[in-house]
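Enquirer: Next comes data19.pdb, PDB, C-alpha atoms:
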ATOM      1  CA  MET A   1     -21.896  -6.086  18.292
ATOM      2  CA  GLN A   2     -25.272  -5.913  16.549
ATOM      3  CA  ASP A   3     -26.068  -2.674  18.371
ATOM      4  CA  GLU A   4     -22.930  -1.030  16.940
ATOM      5  CA  ILE A   5     -23.546  -1.967  13.315
ATOM      6  CA  PRO A   6     -26.163   0.740  12.536
ATOM      7  CA  GLY A   7     -23.740   3.439  13.665
ATOM      8  CA  PHE A   8     -21.059   2.090  11.390
ATOM      9  CA  GLU A   9     -23.471   1.752   8.475
ATOM     10  CA  GLY A  10     -24.514   5.382   8.889
ATOM     11  CA  GLU A  11     -20.905   6.641   8.660
ATOM     12  CA  HIS A  12     -20.178   4.262   5.796
ATOM     13  CA  GLU A  13     -23.168   5.601   3.868
ATOM     14  CA  ARG A  14     -22.086   9.190   4.525
ATOM     15  CA  LEU A  15     -18.593   8.459   3.169
ATOM     16  CA  SER A  16     -20.092   6.566   0.246
ATOM     17  CA  GLN A  17     -22.290   9.519  -0.703
ATOM     18  CA  HIS A  18     -19.349  11.935  -0.702
ATOM     19  CA  LYS A  19     -17.316   9.489  -2.792
ATOM     20  CA  ARG A  20     -20.165   9.137  -5.285
ATOM     21  CA  LEU A  21     -20.400  12.907  -5.688
ATOM     22  CA  CYS A  22     -16.626  13.208  -6.225
ATOM     23  CA  THR A  23     -15.871  10.113  -8.297
ATOM     24  CA  GLY A  24     -19.206   8.855  -9.590
ATOM     25  CA  GLU A  25     -18.862   5.577  -7.667
ATOM     26  CA  PRO A  26     -20.109   4.513  -4.218
ATOM     27  CA  LEU A  27     -17.988   2.870  -1.529
ATOM     28  CA  LYS A  28     -18.245  -0.911  -1.430
ATOM     29  CA  PRO A  29     -20.229  -2.236   1.564
ATOM     30  CA  LEU A  30     -18.785  -4.427   4.298
ATOM     31  CA  PRO A  31     -19.955  -8.002   3.536
ATOM     32  CA  TRP A  32     -21.372  -8.945   6.935
ATOM     33  CA  THR A  33     -22.812 -12.184   5.523
ATOM     34  CA  GLN A  34     -19.296 -13.626   5.291
ATOM     35  CA  LEU A  35     -19.046 -13.591   9.097
ATOM     36  CA  PRO A  36     -20.403 -16.062  11.646
ATOM     37  CA  GLU A  37     -23.821 -15.063  12.946
ATOM     38  CA  THR A  38     -22.388 -14.472  16.414
ATOM     39  CA  ILE A  39     -18.900 -13.113  17.118
ATOM     40  CA  ASP A  40     -18.154 -14.543  20.562
ATOM     41  CA  THR A  41     -15.197 -16.917  20.077
ATOM     42  CA  LEU A  42     -11.551 -16.486  19.171
ATOM     43  CA  GLU A  43     -12.046 -17.969  15.699
ATOM     44  CA  ALA A  44     -15.068 -15.779  15.000
ATOM     45  CA  PHE A  45     -13.185 -12.690  16.159
ATOM     46  CA  LYS A  46     -10.227 -13.608  13.936
ATOM     47  CA  ALA A  47     -12.654 -13.848  11.021
ATOM     48  CA  LEU A  48     -13.950 -10.357  11.832
ATOM     49  CA  VAL A  49     -10.429  -8.929  12.008
ATOM     50  CA  SER A  50      -9.480 -10.521   8.686
ATOM     51  CA  LEU A  51     -12.644  -9.339   6.932
ATOM     52  CA  VAL A  52     -12.280  -5.751   8.140
ATOM     53  CA  LEU A  53      -8.569  -5.674   7.280
ATOM     54  CA  VAL A  54      -9.147  -6.918   3.732
ATOM     55  CA  GLN A  55     -11.928  -4.379   3.269
ATOM     56  CA  TRP A  56      -9.858  -1.554   4.744
ATOM     57  CA  ASN A  57      -6.709  -2.273   2.741
ATOM     58  CA  GLU A  58      -8.035  -3.702  -0.513
ATOM     59  CA  GLU A  59     -11.665  -2.794  -1.182
ATOM     60  CA  TRP A  60     -11.498   0.667   0.415
ATOM     61  CA  GLY A  61      -7.727   1.017   0.299
ATOM     62  CA  ARG A  62      -7.407   3.489  -2.557
ATOM     63  CA  ASP A  63     -10.016   5.836  -1.045
ATOM     64  CA  VAL A  64      -8.739   5.457   2.517
ATOM     65  CA  GLY A  65      -5.195   6.128   1.342
ATOM     66  CA  PHE A  66      -6.222   9.185  -0.667
ATOM     67  CA  LEU A  67      -8.187  10.725   2.203
ATOM     68  CA  ARG A  68      -5.504   9.962   4.788
ATOM     69  CA  VAL A  69      -2.835  11.631   2.660
ATOM     70  CA  THR A  70      -4.946  14.547   1.427
ATOM     71  CA  GLU A  71      -6.488  15.328   4.837
ATOM     72  CA  ARG A  72      -3.682  13.978   7.037
ATOM     73  CA  SER A  73      -4.145  16.455   9.893
ATOM     74  CA  THR A  74      -7.829  15.562  10.342
ATOM     75  CA  THR A  75      -7.633  11.760  10.131
ATOM     76  CA  PRO A  76      -5.528  10.585  13.123
ATOM     77  CA  LYS A  77      -8.088   7.954  14.191
ATOM     78  CA  ALA A  78      -8.209   6.475  10.701
ATOM     79  CA  GLN A  79      -4.426   6.300  10.529
ATOM     80  CA  HIS A  80      -4.181   4.753  14.000
ATOM     81  CA  PHE A  81      -6.957   2.263  13.270
ATOM     82  CA  GLY A  82      -5.303   0.974  10.099
ATOM     83  CA  HIS A  83      -1.980   0.542  11.903
ATOM     84  CA  THR A  84      -3.536  -1.175  14.926
ATOM     85  CA  LEU A  85      -5.719  -3.478  12.830
ATOM     86  CA  THR A  86      -2.706  -4.654  10.844
ATOM     87  CA  ARG A  87      -0.744  -5.377  14.013
ATOM     88  CA  ILE A  88      -3.653  -7.313  15.536
ATOM     89  CA  ARG A  89      -3.971  -9.437  12.394
ATOM     90  CA  THR A  90      -0.218 -10.054  12.396
ATOM     91  CA  ALA A  91      -0.319 -11.153  16.032
ATOM     92  CA  TYR A  92      -3.091 -13.659  15.256
ATOM     93  CA  GLN A  93      -2.150 -14.974  11.826
ATOM     94  CA  HIS A  94       1.537 -14.533  11.026
ATOM     95  CA  SER A  95       4.915 -14.528  12.794
ATOM     96  CA  PRO A  96       4.415 -11.766  15.359
ATOM     97  CA  THR A  97       7.163  -9.875  17.115
ATOM     98  CA  GLN A  98       7.108  -9.378  20.859
ATOM     99  CA  GLU A  99       5.913  -5.840  20.204
ATOM    100  CA  ASP A 100       2.958  -7.162  18.169
ATOM    101  CA  LEU A 101       1.953  -9.519  20.981
ATOM    102  CA  GLN A 102       2.225  -6.759  23.570
ATOM    103  CA  LEU A 103       0.067  -4.446  21.465
ATOM    104  CA  LEU A 104      -2.544  -7.186  21.063
ATOM    105  CA  ALA A 105      -2.608  -7.932  24.797
ATOM    106  CA  LYS A 106      -3.000  -4.229  25.606
ATOM    107  CA  TRP A 107      -5.756  -3.808  23.013
ATOM    108  CA  GLN A 108      -7.652  -6.850  24.321
ATOM    109  CA  TYR A 109      -7.357  -5.596  27.901
ATOM    110  CA  GLU A 110      -8.788  -2.208  26.945
ATOM    111  CA  ALA A 111     -11.563  -3.904  24.959
ATOM    112  CA  CYS A 112     -12.738  -6.549  27.406
ATOM    113  CA  GLY A 113     -10.804  -6.200  30.669
ATOM    114  CA  THR A 114      -8.357  -9.079  30.204
ATOM    115  CA  ARG A 115      -5.172  -9.566  28.207
ATOM    116  CA  SER A 116      -6.167 -13.137  27.369
ATOM    117  CA  PRO A 117      -9.885 -13.348  26.482
ATOM    118  CA  SER A 118     -11.437 -16.792  26.700
ATOM    119  CA  GLY A 119     -15.167 -16.535  27.406
ATOM    120  CA  HIS A 120     -17.980 -15.698  25.010
ATOM    121  CA  GLU A 121     -18.693 -12.361  26.676
ATOM    122  CA  GLU A 122     -15.059 -11.303  26.448
ATOM    123  CA  TRP A 123     -14.783 -12.074  22.737
ATOM    124  CA  ALA A 124     -18.119 -10.364  22.108
ATOM    125  CA  ALA A 125     -16.742  -7.270  23.880
ATOM    126  CA  CYS A 126     -13.652  -7.358  21.629
ATOM    127  CA  ALA A 127     -15.869  -7.532  18.539
ATOM    128  CA  LYS A 128     -17.931  -4.604  19.801
ATOM    129  CA  GLU A 129     -14.811  -2.504  20.413
ATOM    130  CA  LEU A 130     -13.416  -3.246  16.964
ATOM    131  CA  ILE A 131     -16.630  -2.010  15.323
ATOM    132  CA  VAL A 132     -16.660   1.076  17.551
ATOM    133  CA  GLN A 133     -13.100   1.919  16.465
ATOM    134  CA  LEU A 134     -13.912   1.204  12.823
ATOM    135  CA  THR A 135     -16.907   3.527  13.081
ATOM    136  CA  GLY A 136     -14.740   6.291  14.542
ATOM    137  CA  ALA A 137     -12.279   5.909  11.690
ATOM    138  CA  MET A 138     -15.084   5.965   9.109
ATOM    139  CA  ARG A 139     -16.547   9.086  10.712
ATOM    140  CA  GLU A 140     -13.206  10.884  10.275
ATOM    141  CA  LEU A 141     -12.928   9.727   6.681
ATOM    142  CA  ALA A 142     -16.494  10.874   5.945
ATOM    143  CA  ASP A 143     -15.662  14.310   7.370
ATOM    144  CA  ALA A 144     -12.478  14.386   5.291
ATOM    145  CA  ALA A 145     -14.459  13.392   2.204
ATOM    146  CA  MET A 146     -16.880  16.247   2.827
ATOM    147  CA  SER A 147     -13.922  18.638   2.964
ATOM    148  CA  VAL A 148     -12.526  17.201  -0.282
ATOM    149  CA  GLN A 149     -15.912  17.596  -1.945
ATOM    150  CA  GLN A 150     -15.847  21.327  -1.190
ATOM    151  CA  SER A 151     -12.501  21.823  -2.971
ATOM    152  CA  GLU A 152     -12.507  21.670  -6.764
ATOM    153  CA  ASP A 153      -8.837  20.648  -6.976
ATOM    154  CA  LYS A 154      -9.145  17.923  -4.356
ATOM    155  CA  ARG A 155     -12.428  16.680  -5.789
ATOM    156  CA  GLN A 156     -10.806  16.360  -9.222
ATOM    157  CA  ALA A 157      -7.772  14.623  -7.709
ATOM    158  CA  TRP A 158     -10.007  12.026  -6.045
ATOM    159  CA  HIS A 159     -11.870  11.481  -9.299
ATOM    160  CA  ASP A 160      -8.596  11.016 -11.179
ATOM    161  CA  ARG A 161      -7.280   8.615  -8.565
ATOM    162  CA  ALA A 162     -10.451   6.520  -8.578
ATOM    163  CA  SER A 163     -10.478   6.300 -12.375
ATOM    164  CA  GLN A 164      -7.028   4.745 -12.591
ATOM    165  CA  SER A 165      -6.896   0.953 -12.888
ATOM    166  CA  VAL A 166      -3.716  -0.524 -11.427
ATOM    167  CA  ARG A 167      -4.093  -3.682 -13.484
ATOM    168  CA  SER A 168      -4.466  -1.693 -16.696
ATOM    169  CA  ALA A 169      -1.325   0.267 -15.858
ATOM    170  CA  VAL A 170       0.676  -2.926 -15.275
ATOM    171  CA  VAL A 171      -0.491  -4.470 -18.548
ATOM    172  CA  ARG A 172       0.013  -1.233 -20.476
ATOM    173  CA  VAL A 173       3.541  -0.594 -19.215
ATOM    174  CA  ALA A 174       4.508  -4.264 -19.632
ATOM    175  CA  ALA A 175       3.523  -3.993 -23.298
ATOM    176  CA  ASP A 176       5.613  -0.825 -23.643
ATOM    177  CA  LEU A 177       8.600  -2.718 -22.197
ATOM    178  CA  GLY A 178       8.082  -5.720 -24.450
ATOM    179  CA  LEU A 179       7.287  -8.026 -21.529
ATOM    180  CA  ARG A 180       4.912 -10.961 -21.891
ATOM    181  CA  LEU A 181       3.438 -11.635 -18.481
ATOM    182  CA  THR A 182       1.416 -14.573 -17.199
ATOM    183  CA  GLU A 183      -1.766 -13.890 -15.243
ATOM    184  CA  LYS A 184       0.081 -14.872 -12.070
ATOM    185  CA  THR A 185       2.842 -12.351 -12.758
ATOM    186  CA  ILE A 186       0.347  -9.619 -13.639
ATOM    187  CA  ALA A 187      -1.475 -10.260 -10.355
ATOM    188  CA  TYR A 188       1.832 -10.082  -8.449
ATOM    189  CA  HIS A 189       2.774  -6.687  -9.886
ATOM    190  CA  GLU A 190      -0.798  -5.471  -9.454
ATOM    191  CA  ARG A 191      -0.522  -6.187  -5.711
ATOM    192  CA  GLN A 192       2.876  -4.508  -5.506
ATOM    193  CA  VAL A 193       1.745  -1.367  -7.294
ATOM    194  CA  GLU A 194      -1.610  -1.210  -5.499
ATOM    195  CA  GLY A 195       0.182  -1.195  -2.151
ATOM    196  CA  ARG A 196       2.224   1.837  -3.182
ATOM    197  CA  TRP A 197      -0.552   3.622  -5.103
ATOM    198  CA  ARG A 198      -2.948   3.351  -2.169
ATOM    199  CA  ASN A 199      -1.101   6.020  -0.150
ATOM    200  CA  TYR A 200       0.603   7.827  -3.017
ATOM    201  CA  GLN A 201       0.002  11.544  -3.234
ATOM    202  CA  VAL A 202       0.010  12.908  -6.770
ATOM    203  CA  ALA A 203       1.693  16.292  -6.697
ATOM    204  CA  LYS A 204      -0.331  19.248  -7.855
ATOM    205  CA  GLY A 205       0.008  19.704 -11.598
ATOM    206  CA  ARG A 206       1.128  16.104 -12.156
ATOM    207  CA  ASP A 207      -0.929  13.604 -14.156
ATOM    208  CA  ALA A 208      -2.326  10.704 -12.089
ATOM    209  CA  ARG A 209      -2.067   8.242 -14.971
ATOM    210  CA  SER A 210       1.589   9.103 -15.579
ATOM    211  CA  GLU A 211       2.384   8.745 -11.884
ATOM    212  CA  LEU A 212       0.668   5.343 -11.768
ATOM    213  CA  ASP A 213       2.536   4.264 -14.895
ATOM    214  CA  SER A 214       5.780   5.256 -13.188
ATOM    215  CA  LEU A 215       4.997   3.008 -10.214
ATOM    216  CA  ALA A 216       4.166   0.153 -12.576
ATOM    217  CA  GLU A 217       7.408   0.667 -14.498
ATOM    218  CA  ARG A 218       9.476   0.535 -11.302
ATOM    219  CA  SER A 219       7.778  -2.662 -10.188
ATOM    220  CA  LEU A 220       8.239  -4.322 -13.573
ATOM    221  CA  MET A 221      11.883  -3.294 -13.781
ATOM    222  CA  ALA A 222      12.521  -5.419 -10.703
ATOM    223  CA  ARG A 223      12.481  -8.250 -13.271
ATOM    224  CA  SER A 224      15.993  -7.241 -14.358
ATOM    225  CA  PRO A 225      18.171 -10.168 -15.472
ATOM    226  CA  ARG A 226      20.578 -11.789 -13.056
ATOM    227  CA  LEU A 227      24.046 -10.261 -13.019
ATOM    228  CA  PRO A 228      26.794 -12.540 -14.389
ATOM    229  CA  CYS A 229      29.024 -11.735 -11.408
ATOM    230  CA  HIS A 230      28.799 -10.662  -7.764
ATOM    231  CA  HIS A 231      27.569  -7.097  -7.296
ATOM    232  CA  LEU A 232      30.652  -6.204  -5.226
ATOM    233  CA  GLU A 233      32.906  -6.900  -8.198
ATOM    234  CA  ILE A 234      30.995  -4.265 -10.143
ATOM    235  CA  LEU A 235      31.022  -1.745  -7.318
ATOM    236  CA  ARG A 236      34.753  -2.198  -6.829
ATOM    237  CA  GLU A 237      35.434  -1.601 -10.524
ATOM    238  CA  LEU A 238      33.257   1.523 -10.463
ATOM    239  CA  GLN A 239      34.790   2.614  -7.117
ATOM    240  CA  VAL A 240      31.382   3.425  -5.627
ATOM    241  CA  ILE A 241      30.971   0.897  -2.777
ATOM    242  CA  GLY A 242      28.723   2.437  -0.127
ATOM    243  CA  SER A 243      28.345   5.727  -1.991
ATOM    244  CA  PRO A 244      25.107   7.327  -3.208
ATOM    245  CA  LEU A 245      26.078   6.244  -6.732
ATOM    246  CA  ALA A 246      26.268   2.542  -5.864
ATOM    247  CA  PHE A 247      22.593   1.870  -6.558
ATOM    248  CA  ALA A 248      22.781   3.627  -9.925
ATOM    249  CA  GLY A 249      25.885   1.634 -10.799
ATOM    250  CA  ILE A 250      24.112  -1.667 -10.196
ATOM    251  CA  GLN A 251      21.087  -0.481 -12.163
ATOM    252  CA  LEU A 252      23.350   0.296 -15.099
ATOM    253  CA  ALA A 253      25.005  -3.129 -14.773
ATOM    254  CA  HIS A 254      21.594  -4.804 -14.991
ATOM    255  CA  GLY A 255      20.885  -2.834 -18.150
ATOM    256  CA  VAL A 256      24.188  -3.950 -19.661
ATOM    257  CA  ALA A 257      23.426  -7.555 -18.701
ATOM    258  CA  ALA A 258      20.069  -7.307 -20.470
ATOM    259  CA  VAL A 259      21.594  -6.346 -23.840
ATOM    260  CA  SER A 260      24.960  -8.085 -23.698
ATOM    261  CA  ARG A 261      26.053 -11.717 -23.516
ATOM    262  CA  SER A 262      29.432 -10.768 -22.077
ATOM    263  CA  ARG A 263      30.775 -12.573 -19.035
ATOM    264  CA  GLY A 264      33.712 -12.233 -16.674
ATOM    265  CA  ASP A 265      36.281  -9.502 -17.344
ATOM    266  CA  ALA A 266      34.636  -8.596 -20.648
ATOM    267  CA  PHE A 267      31.374  -7.835 -18.867
ATOM    268  CA  LEU A 268      33.090  -5.766 -16.179
ATOM    269  CA  LYS A 269      34.984  -3.757 -18.809
ATOM    270  CA  LEU A 270      31.757  -3.088 -20.696
ATOM    271  CA  VAL A 271      30.087  -1.853 -17.502
ATOM    272  CA  VAL A 272      33.036   0.387 -16.630
ATOM    273  CA  ASP A 273      33.194   1.863 -20.152
ATOM    274  CA  THR A 274      29.429   2.484 -20.178
ATOM    275  CA  TRP A 275      29.604   4.071 -16.733
ATOM    276  CA  ALA A 276      32.442   6.348 -17.840
ATOM    277  CA  SER A 277      30.490   7.426 -20.910
ATOM    278  CA  VAL A 278      27.599   8.755 -18.850
ATOM    279  CA  GLN A 279      29.623  10.498 -16.148
ATOM    280  CA  PRO A 280      29.656  14.323 -16.368
ATOM    281  CA  THR A 281      32.955  15.718 -17.558
ATOM    282  CA  GLU A 282      34.817  18.080 -15.253
ATOM    283  CA  PRO A 283      34.791  21.672 -16.511
ATOM    284  CA  SER A 284      38.134  22.964 -17.662
ATOM    285  CA  THR A 285      39.872  25.298 -15.206
ATOM    286  CA  GLY A 286      42.798  26.298 -17.404
ATOM    287  CA  ALA A 287      43.171  29.822 -18.799
ATOM    288  CA  PRO A 288      42.108  30.268 -22.417
ATOM    289  CA  SER A 289      44.983  30.227 -24.854
TER     290      SER A 289
END
I need this file expressed as structure tokens, please.
Expert:
Amino acid sequence: MQDEIPGFEGEHERLSQHKRLCTGEPLKPLPWTQLPETIDTLEAFKALVSLVLVQWNEEWGRDVGFLRVTERSTTPKAQHFGHTLTRIRTAYQHSPTQEDLQLLAKWQYEACGTRSPSGHEEWAACAKELIVQLTGAMRELADAAMSVQQSEDKRQAWHDRASQSVRSAVVRVAADLGLRLTEKTIAYHERQVEGRWRNYQVAKGRDARSELDSLAERSLMARSPRLPCHHLEILRELQVIGSPLAFAGIQLAHGVAAVSRSRGDAFLKLVVDTWASVQPTEPSTGAPS
């Protein structure tokens, strides 16, 4: 694997330079020192997979997501690498599906010639292949970044995206909503919003900060109070079970629950009356008198 690292570092530096020119900040390096000195066992390879995945999704995630969305047609390797890496990690660390295990076995066979590596040479070959694929993905992203740098609109969009702090948005919107959050809750919503913001494409003419605030608001609103009755009771009263309006009806019911202490039939009547008050009135079809 040591022979493959310089190639990766070269592509990483190229991407980092383009990012610096567009956003004013470099790309964080891959912390090789956190890995075992030699990657030639299952546990060492798992450590490599985990480190690269965290770097790809969290440390580089906002930039990777922006480039993949902005230059989608020119980044197929980067998109495939992120998907494959996640599935490999899932197969090793979590509760994998049969499909995850099959993908892992196929990937290992292509990397080292066996579906079930066991020897030092086989695991070393897997580590080498992972770095080769990472380098290919970084090369695509560096090319995409060069293309972004040559477009004033895209360059500005990357700068705006990089300047937005997800944590600041969560705290700011929580204050607007009158919510007092613990550090643990802030961190939870930060993770939720970061996952969505990473691959979110801000439409041309839209403000990146406003779009990020909108994502934060939607995450925070998931803290709606518990309904005082079963949701089907509400949907039956509103006569919207299974319709496109069902979701909106439940959202309205949560809002009513937040400002009212009503329970039982009184609560249902309040929801129905509020729902009726916001429904568009049918235009009159009668002839003028």
Enquirer: Each residue of range 193-276 of chain A lying at most 9 Å from range 161-165 of chain A should get a row with its shortest atom-to-atom pair and the distance in Å to one decimal, counting all atoms listed in the file; could you produce that, ordered by chain and increasing number, as a Markdown table?
Expert:
| residue | atom | partner | partner_atom | distance |
| --- | --- | --- | --- | --- |
| A:Val202 | CA | A:Arg161 | CA | 8.6 |
| A:Ala208 | CA | A:Arg161 | CA | 6.4 |
| A:Arg209 | CA | A:Gln164 | CA | 6.5 |
| A:Leu212 | CA | A:Gln164 | CA | 7.8 |
Enquirer: Mind writing the picked residues with C-alpha atoms as a PDB file, keeping the file's coordinate frame?
Expert:
ATOM      1  CA  VAL A 202       0.010  12.908  -6.770  1.00  0.00           C
ATOM      2  CA  ALA A 208      -2.326  10.704 -12.089  1.00  0.00           C
ATOM      3  CA  ARG A 209      -2.067   8.242 -14.971  1.00  0.00           C
ATOM      4  CA  LEU A 212       0.668   5.343 -11.768  1.00  0.00           C
TER       5      LEU A 212
END
Enquirer: Given the file shown, enumerate the residues that the PyMOL selection byres ((chain A and resi 224) around 10) captures and present them as number ranges by chain.
Expert: A: 220-223, 225-227, 251, 253-255, 257-258
Enquirer: The centre and edge lengths of an axis-aligned box containing all atoms of range 166-173 of chain A present in the file, extended by 8 Å on each side, are to be given in Å to one decimal, as AutoDock Vina command-line options.
Expert:
--center_x -0.5 --center_y -2.1 --center_z -16.0 --size_x 24.0 --size_y 20.7 --size_z 25.0
Enquirer: Translate the PyMOL selection byres ((chain A and resi 52) around 12) into a concrete residue list for this structure, as an NGL selection string.
Expert: :A and (29-32 or 34-35 or 45-51 or 53-61 or 81-82 or 84-86 or 88-89 or 127 or 130-131 or 133-135)
Enquirer: Residues as selected, C-alpha atoms, written as a PDB file, in the coordinates of the input, can you do that?
Expert:
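Contents of out14.pdb, freshly written:
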ATOM      1  CA  PRO A  29     -20.229  -2.236   1.564  1.00  0.00           C
ATOM      2  CA  LEU A  30     -18.785  -4.427   4.298  1.00  0.00           C
ATOM      3  CA  PRO A  31     -19.955  -8.002   3.536  1.00  0.00           C
ATOM      4  CA  TRP A  32     -21.372  -8.945   6.935  1.00  0.00           C
ATOM      5  CA  GLN A  34     -19.296 -13.626   5.291  1.00  0.00           C
ATOM      6  CA  LEU A  35     -19.046 -13.591   9.097  1.00  0.00           C
ATOM      7  CA  PHE A  45     -13.185 -12.690  16.159  1.00  0.00           C
ATOM      8  CA  LYS A  46     -10.227 -13.608  13.936  1.00  0.00           C
ATOM      9  CA  ALA A  47     -12.654 -13.848  11.021  1.00  0.00           C
ATOM     10  CA  LEU A  48     -13.950 -10.357  11.832  1.00  0.00           C
ATOM     11  CA  VAL A  49     -10.429  -8.929  12.008  1.00  0.00           C
ATOM     12  CA  SER A  50      -9.480 -10.521   8.686  1.00  0.00           C
ATOM     13  CA  LEU A  51     -12.644  -9.339   6.932  1.00  0.00           C
ATOM     14  CA  LEU A  53      -8.569  -5.674   7.280  1.00  0.00           C
ATOM     15  CA  VAL A  54      -9.147  -6.918   3.732  1.00  0.00           C
ATOM     16  CA  GLN A  55     -11.928  -4.379   3.269  1.00  0.00           C
ATOM     17  CA  TRP A  56      -9.858  -1.554   4.744  1.00  0.00           C
ATOM     18  CA  ASN A  57      -6.709  -2.273   2.741  1.00  0.00           C
ATOM     19  CA  GLU A  58      -8.035  -3.702  -0.513  1.00  0.00           C
ATOM     20  CA  GLU A  59     -11.665  -2.794  -1.182  1.00  0.00           C
ATOM     21  CA  TRP A  60     -11.498   0.667   0.415  1.00  0.00           C
ATOM     22  CA  GLY A  61      -7.727   1.017   0.299  1.00  0.00           C
ATOM     23  CA  PHE A  81      -6.957   2.263  13.270  1.00  0.00           C
ATOM     24  CA  GLY A  82      -5.303   0.974  10.099  1.00  0.00           C
ATOM     25  CA  THR A  84      -3.536  -1.175  14.926  1.00  0.00           C
ATOM     26  CA  LEU A  85      -5.719  -3.478  12.830  1.00  0.00           C
ATOM     27  CA  THR A  86      -2.706  -4.654  10.844  1.00  0.00           C
ATOM     28  CA  ILE A  88      -3.653  -7.313  15.536  1.00  0.00           C
ATOM     29  CA  ARG A  89      -3.971  -9.437  12.394  1.00  0.00           C
ATOM     30  CA  ALA A 127     -15.869  -7.532  18.539  1.00  0.00           C
ATOM     31  CA  LEU A 130     -13.416  -3.246  16.964  1.00  0.00           C
ATOM     32  CA  ILE A 131     -16.630  -2.010  15.323  1.00  0.00           C
ATOM     33  CA  GLN A 133     -13.100   1.919  16.465  1.00  0.00           C
ATOM     34  CA  LEU A 134     -13.912   1.204  12.823  1.00  0.00           C
ATOM     35  CA  THR A 135     -16.907   3.527  13.081  1.00  0.00           C
TER      36      THR A 135
END
Enquirer: Take the PyMOL selection byres ((chain A and resi 71) around 9), apply it to the structure above, and return the hits as a PyMOL selection string.
Expert: chain A and resi 66-70+72-75+141+144-145+147-148
Enquirer: Dig up all the protein and nucleic acid residues within 10 Å of (-20.6, -6.6, 17.0) in the file frame, using all atoms listed in the file, and format them as a ChimeraX atom specification.
Expert: /A:1-5,37-40,45,48,123-132
Enquirer: Would you export the selected residues with C-alpha atoms as a PDB file, in the frame of the given file, please?
Expert:
ATOM      1  CA  MET A   1     -21.896  -6.086  18.292  1.00  0.00           C
ATOM      2  CA  GLN A   2     -25.272  -5.913  16.549  1.00  0.00           C
ATOM      3  CA  ASP A   3     -26.068  -2.674  18.371  1.00  0.00           C
ATOM      4  CA  GLU A   4     -22.930  -1.030  16.940  1.00  0.00           C
ATOM      5  CA  ILE A   5     -23.546  -1.967  13.315  1.00  0.00           C
ATOM      6  CA  GLU A  37     -23.821 -15.063  12.946  1.00  0.00           C
ATOM      7  CA  THR A  38     -22.388 -14.472  16.414  1.00  0.00           C
ATOM      8  CA  ILE A  39     -18.900 -13.113  17.118  1.00  0.00           C
ATOM      9  CA  ASP A  40     -18.154 -14.543  20.562  1.00  0.00           C
ATOM     10  CA  PHE A  45     -13.185 -12.690  16.159  1.00  0.00           C
ATOM     11  CA  LEU A  48     -13.950 -10.357  11.832  1.00  0.00           C
ATOM     12  CA  TRP A 123     -14.783 -12.074  22.737  1.00  0.00           C
ATOM     13  CA  ALA A 124     -18.119 -10.364  22.108  1.00  0.00           C
ATOM     14  CA  ALA A 125     -16.742  -7.270  23.880  1.00  0.00           C
ATOM     15  CA  CYS A 126     -13.652  -7.358  21.629  1.00  0.00           C
ATOM     16  CA  ALA A 127     -15.869  -7.532  18.539  1.00  0.00           C
ATOM     17  CA  LYS A 128     -17.931  -4.604  19.801  1.00  0.00           C
ATOM     18  CA  GLU A 129     -14.811  -2.504  20.413  1.00  0.00           C
ATOM     19  CA  LEU A 130     -13.416  -3.246  16.964  1.00  0.00           C
ATOM     20  CA  ILE A 131     -16.630  -2.010  15.323  1.00  0.00           C
ATOM     21  CA  VAL A 132     -16.660   1.076  17.551  1.00  0.00           C
TER      22      VAL A 132
END
Enquirer: Record the distance separating CA of Gly249 in chain A and CA of Val271 in chain A, expressed in Å with one decimal.
Expert: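 CA of Val271 in chain A lies at a distance of 8.6 Å from CA of Gly249 in chain A.
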Enquirer: Between A:Glu217, A:Ala174, A:Met138, A:Leu181, which residue has the minimum interatomic distance to Glu13 in chain A, considering all atoms listed in the file?
Expert: A:Met138
Enquirer: Could you check how far CA of Ser219 in chain A sits from CA of Val256 in chain A, in Å to one decimal?
Expert: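 Separating CA of Ser219 in chain A from CA of Val256 in chain A is a distance of 19.0 Å.
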Enquirer: Just how far from CA of Gly136 in chain A is CA of Leu101 in chain A, in Å to one decimal?
Expert: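 CA of Leu101 in chain A sits 23.9 Å away from CA of Gly136 in chain A.
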Enquirer: Would you mind telling me which residue in A:Arg20, A:Thr41, A:Thr185, A:Arg87 lies nearest to Glu121 in chain A when using all atoms listed in the file?
Expert: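 Using all atoms listed in the file, the shortest distance to Glu121 in chain A belongs to A:Thr41.
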Enquirer: Go through A:Arg263, A:Arg172, A:Lys77, A:Lys106 and flag the residue nearest Arg139 in chain A, using only C-alpha atoms for the distances.
Expert: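 The shortest atom-to-atom distance to Arg139 in chain A comes from A:Lys77.
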